[in-house]
>>> print(open('upload-v4.pdb').read())   # PDB, C-alpha atoms
ATOM      1  CA  MET A   1      58.144 -21.887  58.604
ATOM      2  CA  ASN A   2      61.566 -20.732  59.811
ATOM      3  CA  SER A   3      62.306 -17.259  61.173
ATOM      4  CA  GLU A   4      63.897 -15.989  57.942
ATOM      5  CA  ALA A   5      60.902 -17.114  55.865
ATOM      6  CA  THR A   6      58.548 -15.495  58.396
ATOM      7  CA  ARG A   7      60.537 -12.247  58.250
ATOM      8  CA  GLN A   8      60.453 -12.274  54.439
ATOM      9  CA  LEU A   9      56.687 -12.804  54.457
ATOM     10  CA  ALA A  10      56.304  -9.910  56.927
ATOM     11  CA  LEU A  11      58.463  -7.702  54.667
ATOM     12  CA  ASP A  12      56.302  -8.685  51.690
ATOM     13  CA  PHE A  13      53.124  -7.714  53.564
ATOM     14  CA  ALA A  14      54.734  -4.458  54.729
ATOM     15  CA  SER A  15      55.659  -3.540  51.141
ATOM     16  CA  GLN A  16      52.085  -4.231  50.012
ATOM     17  CA  ILE A  17      50.685  -2.031  52.770
ATOM     18  CA  ALA A  18      52.933   1.036  52.444
ATOM     19  CA  PRO A  19      56.023   2.360  50.647
ATOM     20  CA  ALA A  20      59.404   0.999  51.732
ATOM     21  CA  GLY A  21      60.586   2.261  55.090
ATOM     22  CA  CYS A  22      57.151   3.273  56.401
ATOM     23  CA  ILE A  23      56.647   0.053  58.339
ATOM     24  CA  ASP A  24      59.292  -1.525  60.532
ATOM     25  CA  VAL A  25      59.541  -5.293  60.780
ATOM     26  CA  TRP A  26      60.828  -6.447  64.177
ATOM     27  CA  ARG A  27      61.478  -9.846  65.703
ATOM     28  CA  PHE A  28      58.459 -10.916  67.702
ATOM     29  CA  PHE A  29      58.735 -14.173  69.639
ATOM     30  CA  GLY A  30      58.673 -16.816  66.859
ATOM     31  CA  GLY A  31      57.450 -14.372  64.215
ATOM     32  CA  SER A  32      57.786 -10.833  62.907
ATOM     33  CA  ALA A  33      55.925  -7.733  64.098
ATOM     34  CA  LEU A  34      54.628  -4.959  61.825
ATOM     35  CA  VAL A  35      55.269  -1.617  63.530
ATOM     36  CA  ARG A  36      54.490   1.967  62.538
ATOM     37  CA  ASN A  37      55.638   4.928  64.654
ATOM     38  CA  GLY A  38      56.403   2.574  67.529
ATOM     39  CA  ALA A  39      52.947   0.973  67.507
ATOM     40  CA  GLN A  40      52.605  -2.705  66.653
ATOM     41  CA  PHE A  41      49.504  -3.133  64.512
ATOM     42  CA  GLY A  42      50.108  -6.630  63.208
ATOM     43  CA  PHE A  43      52.431  -9.590  63.014
ATOM     44  CA  VAL A  44      53.203 -12.696  61.000
ATOM     45  CA  MET A  45      53.352 -15.971  62.876
ATOM     46  CA  LYS A  46      53.706 -19.415  61.255
ATOM     47  CA  GLY A  47      52.827 -18.026  57.819
ATOM     48  CA  THR A  48      49.684 -16.182  58.948
ATOM     49  CA  LEU A  49      49.164 -12.405  58.997
ATOM     50  CA  TYR A  50      47.373 -11.139  62.113
ATOM     51  CA  LEU A  51      46.118  -7.571  62.515
ATOM     52  CA  ARG A  52      45.107  -5.705  65.649
ATOM     53  CA  VAL A  53      41.324  -5.324  65.765
ATOM     54  CA  ASP A  54      38.796  -3.075  67.390
ATOM     55  CA  ALA A  55      35.249  -4.252  68.138
ATOM     56  CA  ALA A  56      33.980  -3.555  64.602
ATOM     57  CA  MET A  57      36.906  -5.327  62.910
ATOM     58  CA  ARG A  58      36.605  -8.266  65.319
ATOM     59  CA  ALA A  59      32.954  -8.702  64.315
ATOM     60  CA  GLU A  60      33.866  -8.517  60.602
ATOM     61  CA  PHE A  61      36.694 -11.024  60.961
ATOM     62  CA  GLU A  62      34.549 -13.409  62.994
ATOM     63  CA  ALA A  63      31.789 -13.163  60.351
ATOM     64  CA  GLU A  64      34.449 -14.196  57.786
ATOM     65  CA  GLY A  65      35.307 -17.218  59.942
ATOM     66  CA  CYS A  66      38.715 -15.860  60.972
ATOM     67  CA  GLU A  67      40.275 -16.920  64.255
ATOM     68  CA  PRO A  68      42.005 -14.861  66.919
ATOM     69  CA  PHE A  69      45.690 -15.501  67.550
ATOM     70  CA  SER A  70      46.277 -18.307  70.025
ATOM     71  CA  TYR A  71      49.163 -20.285  71.403
ATOM     72  CA  ARG A  72      49.854 -22.960  74.000
ATOM     73  CA  ALA A  73      51.588 -22.087  77.255
ATOM     74  CA  ALA A  74      51.929 -24.063  80.464
ATOM     75  CA  GLY A  75      49.692 -26.792  79.058
ATOM     76  CA  ARG A  76      46.777 -24.519  78.210
ATOM     77  CA  LYS A  77      45.543 -22.596  75.183
ATOM     78  CA  VAL A  78      45.892 -18.810  75.376
ATOM     79  CA  THR A  79      43.713 -16.762  73.017
ATOM     80  CA  VAL A  80      44.637 -13.161  72.188
ATOM     81  CA  ARG A  81      41.443 -11.527  70.921
ATOM     82  CA  ARG A  82      43.189  -8.245  70.059
ATOM     83  CA  TYR A  83      44.751  -9.880  66.975
ATOM     84  CA  TYR A  84      42.896 -11.838  64.283
ATOM     85  CA  ALA A  85      44.046 -13.735  61.206
ATOM     86  CA  VAL A  86      43.397 -11.700  58.066
ATOM     87  CA  PRO A  87      40.905 -13.152  55.559
ATOM     88  CA  ALA A  88      42.479 -14.522  52.360
ATOM     89  CA  HIS A  89      40.486 -12.174  50.115
ATOM     90  CA  VAL A  90      41.969  -9.194  51.991
ATOM     91  CA  ILE A  91      45.523 -10.472  51.553
ATOM     92  CA  ASP A  92      44.879 -10.939  47.825
ATOM     93  CA  ASP A  93      43.719  -7.316  47.345
ATOM     94  CA  PRO A  94      46.476  -4.715  47.999
ATOM     95  CA  ALA A  95      44.029  -1.801  48.342
ATOM     96  CA  LEU A  96      41.856  -3.733  50.780
ATOM     97  CA  LEU A  97      44.918  -4.926  52.713
ATOM     98  CA  HIS A  98      46.089  -1.316  53.003
ATOM     99  CA  SER A  99      42.655  -0.264  54.281
ATOM    100  CA  TYR A 100      42.583  -3.021  56.903
ATOM    101  CA  ALA A 101      46.152  -2.215  57.982
ATOM    102  CA  GLU A 102      45.177   1.424  58.438
ATOM    103  CA  ARG A 103      42.207   0.374  60.549
ATOM    104  CA  ALA A 104      44.485  -1.907  62.577
ATOM    105  CA  LEU A 105      46.883   0.980  63.144
ATOM    106  CA  HIS A 106      44.036   3.107  64.474
ATOM    107  CA  ALA A 107      42.958   0.218  66.714
ATOM    108  CA  THR A 108      46.380   0.403  68.410
ATOM    109  CA  SER A 109      45.967   3.994  69.540
ATOM    110  CA  THR A 110      45.673   4.486  73.251
ATOM    111  CA  PRO A 111      45.353   7.657  75.347
ATOM    112  CA  GLY A 112      48.712   9.375  75.547
ATOM    113  CA  HIS A 113      50.136   7.472  72.569
ATOM    114  CA  ARG A 114      50.046   9.667  69.485
ATOM    115  CA  LEU A 115      50.022   7.896  66.125
ATOM    116  CA  ALA A 116      50.235   9.236  62.599
ATOM    117  CA  ASP A 117      46.801   9.824  61.137
ATOM    118  CA  THR A 118      47.119   7.331  58.306
ATOM    119  CA  LEU A 119      49.478   5.039  56.532
ATOM    120  CA  PRO A 120      50.764   6.553  53.292
ATOM    121  CA  ALA A 121      48.741   5.567  50.242
ATOM    122  CA  VAL A 122      49.987   2.571  48.346
ATOM    123  CA  THR A 123      50.759   3.464  44.767
ATOM    124  CA  THR A 124      51.548   1.162  41.922
ATOM    125  CA  SER A 125      53.772   2.093  39.043
ATOM    126  CA  GLY A 126      52.423   1.268  35.665
TER     127      GLY A 126
END
>>> encode(input="upload-v4.pdb", output="structure tokens")
Amino acid sequence: MNSEATRQLALDFASQIAPAGCIDVWRFFGGSALVRNGAQFGFVMKGTLYLRVDAAMRAEFEAEGCEPFSYRAAGRKVTVRRYYAVPAHVIDDPALLHSYAERALHATSTPGHRLADTLPAVTTSG
């Protein structure tokens, strides 16, 4: 998947998660980062959406059979257990995807880094 296709997929996920303009999509190595208020809570890499996890989300994702983000560097595999691939059933359900993205945003908070309380609600026009 080329960088433009990855960016478009990231923009599609961002639009499913929150209204336009609420999530920034930035270049991120070979993919695209999802950023809210300066905090990266997810990214798209090689066609896969990864979200930042806390201990509870990690356990849920592992129970679903999801894998943490990994890559090869200097001849070895590096695993980043702070980010996990999102289960397909979550991606297919906009309300559930929004909920997981909100949880991922909260998982990014660190002392001294203030984040907005929640992502805006996703609304659909009928």
>>> resolve_selection(input="upload-v4.pdb", expression="the PyMOL selection byres ((chain A and resi 23) around 7)", output="list in words")
Ala14, Gly21, Cys22, Asp24, Val25, Leu34, Val35 and Arg36 of chain A
>>> write_last_selection(input="upload-v4.pdb", atoms="C-alpha atoms", output="PDB file, in the coordinates of the input")
ATOM      1  CA  ALA A  14      54.734  -4.458  54.729  1.00  0.00           C
ATOM      2  CA  GLY A  21      60.586   2.261  55.090  1.00  0.00           C
ATOM      3  CA  CYS A  22      57.151   3.273  56.401  1.00  0.00           C
ATOM      4  CA  ASP A  24      59.292  -1.525  60.532  1.00  0.00           C
ATOM      5  CA  VAL A  25      59.541  -5.293  60.780  1.00  0.00           C
ATOM      6  CA  LEU A  34      54.628  -4.959  61.825  1.00  0.00           C
ATOM      7  CA  VAL A  35      55.269  -1.617  63.530  1.00  0.00           C
ATOM      8  CA  ARG A  36      54.490   1.967  62.538  1.00  0.00           C
TER       9      ARG A  36
END
>>> closest_atom_pairs(input="upload-v4.pdb", of="range 10-83 of chain A", to="range 94-99 of chain A", cutoff="10 Å", atoms="only C-alpha atoms", output="CSV")
residue,atom,partner,partner_atom,distance
A:Phe13,CA,A:Leu97,CA,8.7
A:Ala14,CA,A:His98,CA,9.4
A:Ser15,CA,A:Pro94,CA,9.8
A:Gln16,CA,A:Pro94,CA,6.0
A:Ile17,CA,A:His98,CA,4.7
A:Ala18,CA,A:His98,CA,7.3
>>> resolve_selection(input="upload-v4.pdb", expression="the PyMOL selection byres ((chain A and resi 32) around 7)", output="PyMOL selection string")
chain A and resi 6-7+10+25-28+31+33-34+43-45
>>> atom_distance(input="upload-v4.pdb", atom1="CA of Phe29 in chain A", atom2="CA of Glu62 in chain A")
25.1 Å
>>> axis_aligned_box(input="upload-v4.pdb", around="range 63-76 of chain A", padding_each_side="3 Å", output="lines of an AutoDock Vina configuration file")
center_x = 41.9
center_y = -20.0
center_z = 69.1
size_x = 26.1
size_y = 19.6
size_z = 28.7
>>> closest_residue(input="upload-v4.pdb", among="A:Asn37, A:Ala107, A:Lys46, A:Ala73", to="Asn2 in chain A", atoms="all atoms listed in the file")
A:Lys46
>>> resolve_selection(input="upload-v4.pdb", expression="the PyMOL selection byres ((chain A and resi 87) around 8)", output="number ranges by chain")
A: 61, 64, 66, 85-86, 88-91
>>> closest_residue(input="upload-v4.pdb", among="A:Asp54, A:Glu4, A:Glu60, A:Asp12", to="Leu105 in chain A", atoms="all atoms listed in the file")
A:Asp54
>>> closest_residue(input="upload-v4.pdb", among="A:Val78, A:Ala63, A:Ala55, A:Ala39", to="Glu102 in chain A", atoms="only C-alpha atoms")
A:Ala39
>>> closest_residue(input="upload-v4.pdb", among="A:Gly38, A:Ser70, A:Gly47, A:Ala56", to="Met1 in chain A", atoms="all atoms listed in the file")
A:Gly47
>>> closest_residue(input="upload-v4.pdb", among="A:Met57, A:Asp92, A:Arg52, A:Ala101", to="Val80 in chain A", atoms="all atoms listed in the file")
A:Arg52
>>> atom_distance(input="upload-v4.pdb", atom1="CA of Gly42 in chain A", atom2="CA of Ser3 in chain A")
16.3 Å
>>> atom_distance(input="upload-v4.pdb", atom1="CA of Ala59 in chain A", atom2="CA of Tyr84 in chain A")
10.4 Å
>>> decode(input="upload-v4.pdb", residues="range 6-18 of chain A", atoms="all heavy atoms", output="mmCIF file, in the first residue's frame")
data_model
loop_
_atom_site.group_PDB
_atom_site.id
_atom_site.type_symbol
_atom_site.label_atom_id
_atom_site.label_comp_id
_atom_site.auth_asym_id
_atom_site.auth_seq_id
_atom_site.Cartn_x
_atom_site.Cartn_y
_atom_site.Cartn_z
ATOM 1 N N THR A 6 -2.399 4.879 2.074
ATOM 2 C CA THR A 6 -2.376 4.786 3.536
ATOM 3 C C THR A 6 -2.975 6.039 4.145
ATOM 4 O O THR A 6 -3.772 5.966 5.084
ATOM 5 C CB THR A 6 -0.931 4.585 4.036
ATOM 6 O OG1 THR A 6 -0.458 3.341 3.523
ATOM 7 C CG2 THR A 6 -0.860 4.558 5.550
ATOM 8 N N ARG A 7 -2.608 7.204 3.624
ATOM 9 C CA ARG A 7 -3.161 8.468 4.132
ATOM 10 C C ARG A 7 -4.677 8.504 3.939
ATOM 11 O O ARG A 7 -5.417 8.920 4.829
ATOM 12 C CB ARG A 7 -2.499 9.655 3.444
ATOM 13 C CG ARG A 7 -3.064 10.992 3.892
ATOM 14 C CD ARG A 7 -2.290 12.171 3.314
ATOM 15 N NE ARG A 7 -2.943 13.427 3.527
ATOM 16 C CZ ARG A 7 -3.128 14.020 4.682
ATOM 17 N NH1 ARG A 7 -2.714 13.447 5.788
ATOM 18 N NH2 ARG A 7 -3.750 15.185 4.770
ATOM 19 N N GLN A 8 -5.145 8.067 2.777
ATOM 20 C CA GLN A 8 -6.595 8.078 2.520
ATOM 21 C C GLN A 8 -7.321 7.147 3.485
ATOM 22 O O GLN A 8 -8.389 7.485 3.997
ATOM 23 C CB GLN A 8 -6.894 7.689 1.069
ATOM 24 C CG GLN A 8 -8.340 7.887 0.694
ATOM 25 C CD GLN A 8 -8.826 9.307 0.929
ATOM 26 O OE1 GLN A 8 -8.235 10.263 0.452
ATOM 27 N NE2 GLN A 8 -9.909 9.453 1.677
ATOM 28 N N LEU A 9 -6.751 5.983 3.751
ATOM 29 C CA LEU A 9 -7.354 5.059 4.707
ATOM 30 C C LEU A 9 -7.389 5.685 6.100
ATOM 31 O O LEU A 9 -8.396 5.592 6.807
ATOM 32 C CB LEU A 9 -6.584 3.736 4.722
ATOM 33 C CG LEU A 9 -7.149 2.619 5.590
ATOM 34 C CD1 LEU A 9 -8.587 2.281 5.205
ATOM 35 C CD2 LEU A 9 -6.260 1.381 5.487
ATOM 36 N N ALA A 10 -6.312 6.357 6.496
ATOM 37 C CA ALA A 10 -6.272 7.040 7.794
ATOM 38 C C ALA A 10 -7.332 8.134 7.852
ATOM 39 O O ALA A 10 -8.021 8.297 8.878
ATOM 40 C CB ALA A 10 -4.884 7.623 8.057
ATOM 41 N N LEU A 11 -7.506 8.890 6.770
ATOM 42 C CA LEU A 11 -8.539 9.932 6.727
ATOM 43 C C LEU A 11 -9.930 9.313 6.823
ATOM 44 O O LEU A 11 -10.815 9.864 7.487
ATOM 45 C CB LEU A 11 -8.408 10.763 5.445
ATOM 46 C CG LEU A 11 -7.205 11.707 5.394
ATOM 47 C CD1 LEU A 11 -7.010 12.237 3.972
ATOM 48 C CD2 LEU A 11 -7.373 12.842 6.388
ATOM 49 N N ASP A 12 -10.128 8.171 6.186
ATOM 50 C CA ASP A 12 -11.413 7.475 6.273
ATOM 51 C C ASP A 12 -11.706 7.054 7.718
ATOM 52 O O ASP A 12 -12.811 7.245 8.220
ATOM 53 C CB ASP A 12 -11.444 6.251 5.360
ATOM 54 C CG ASP A 12 -11.471 6.603 3.878
ATOM 55 O OD1 ASP A 12 -11.750 7.769 3.530
ATOM 56 O OD2 ASP A 12 -11.193 5.693 3.068
ATOM 57 N N PHE A 13 -10.705 6.471 8.390
ATOM 58 C CA PHE A 13 -10.894 6.084 9.788
ATOM 59 C C PHE A 13 -11.167 7.310 10.645
ATOM 60 O O PHE A 13 -12.056 7.295 11.500
ATOM 61 C CB PHE A 13 -9.686 5.324 10.329
ATOM 62 C CG PHE A 13 -9.570 3.911 9.842
ATOM 63 C CD1 PHE A 13 -8.367 3.438 9.357
ATOM 64 C CD2 PHE A 13 -10.659 3.050 9.868
ATOM 65 C CE1 PHE A 13 -8.245 2.127 8.907
ATOM 66 C CE2 PHE A 13 -10.556 1.742 9.420
ATOM 67 C CZ PHE A 13 -9.338 1.283 8.935
ATOM 68 N N ALA A 14 -10.416 8.385 10.431
ATOM 69 C CA ALA A 14 -10.603 9.613 11.207
ATOM 70 C C ALA A 14 -12.020 10.145 11.046
ATOM 71 O O ALA A 14 -12.654 10.564 12.024
ATOM 72 C CB ALA A 14 -9.583 10.673 10.803
ATOM 73 N N SER A 15 -12.557 10.110 9.826
ATOM 74 C CA SER A 15 -13.915 10.617 9.598
ATOM 75 C C SER A 15 -14.975 9.719 10.236
ATOM 76 O O SER A 15 -16.035 10.187 10.608
ATOM 77 C CB SER A 15 -14.183 10.786 8.103
ATOM 78 O OG SER A 15 -14.281 9.536 7.464
ATOM 79 N N GLN A 16 -14.673 8.429 10.384
ATOM 80 C CA GLN A 16 -15.597 7.526 11.061
ATOM 81 C C GLN A 16 -15.586 7.752 12.571
ATOM 82 O O GLN A 16 -16.590 7.544 13.243
ATOM 83 C CB GLN A 16 -15.231 6.069 10.790
ATOM 84 C CG GLN A 16 -15.469 5.620 9.367
ATOM 85 C CD GLN A 16 -15.000 4.194 9.180
ATOM 86 O OE1 GLN A 16 -15.321 3.310 9.974
ATOM 87 N NE2 GLN A 16 -14.227 3.960 8.134
ATOM 88 N N ILE A 17 -14.429 8.167 13.085
ATOM 89 C CA ILE A 17 -14.269 8.324 14.527
ATOM 90 C C ILE A 17 -14.853 9.633 15.028
ATOM 91 O O ILE A 17 -15.481 9.682 16.085
ATOM 92 C CB ILE A 17 -12.774 8.219 14.908
ATOM 93 C CG1 ILE A 17 -12.268 6.793 14.627
ATOM 94 C CG2 ILE A 17 -12.544 8.601 16.359
ATOM 95 C CD1 ILE A 17 -10.762 6.656 14.676
ATOM 96 N N ALA A 18 -14.668 10.721 14.291
ATOM 97 C CA ALA A 18 -15.086 12.046 14.761
ATOM 98 C C ALA A 18 -15.389 12.948 13.574
ATOM 99 O O ALA A 18 -14.951 12.671 12.454
ATOM 100 C CB ALA A 18 -13.980 12.645 15.623
#
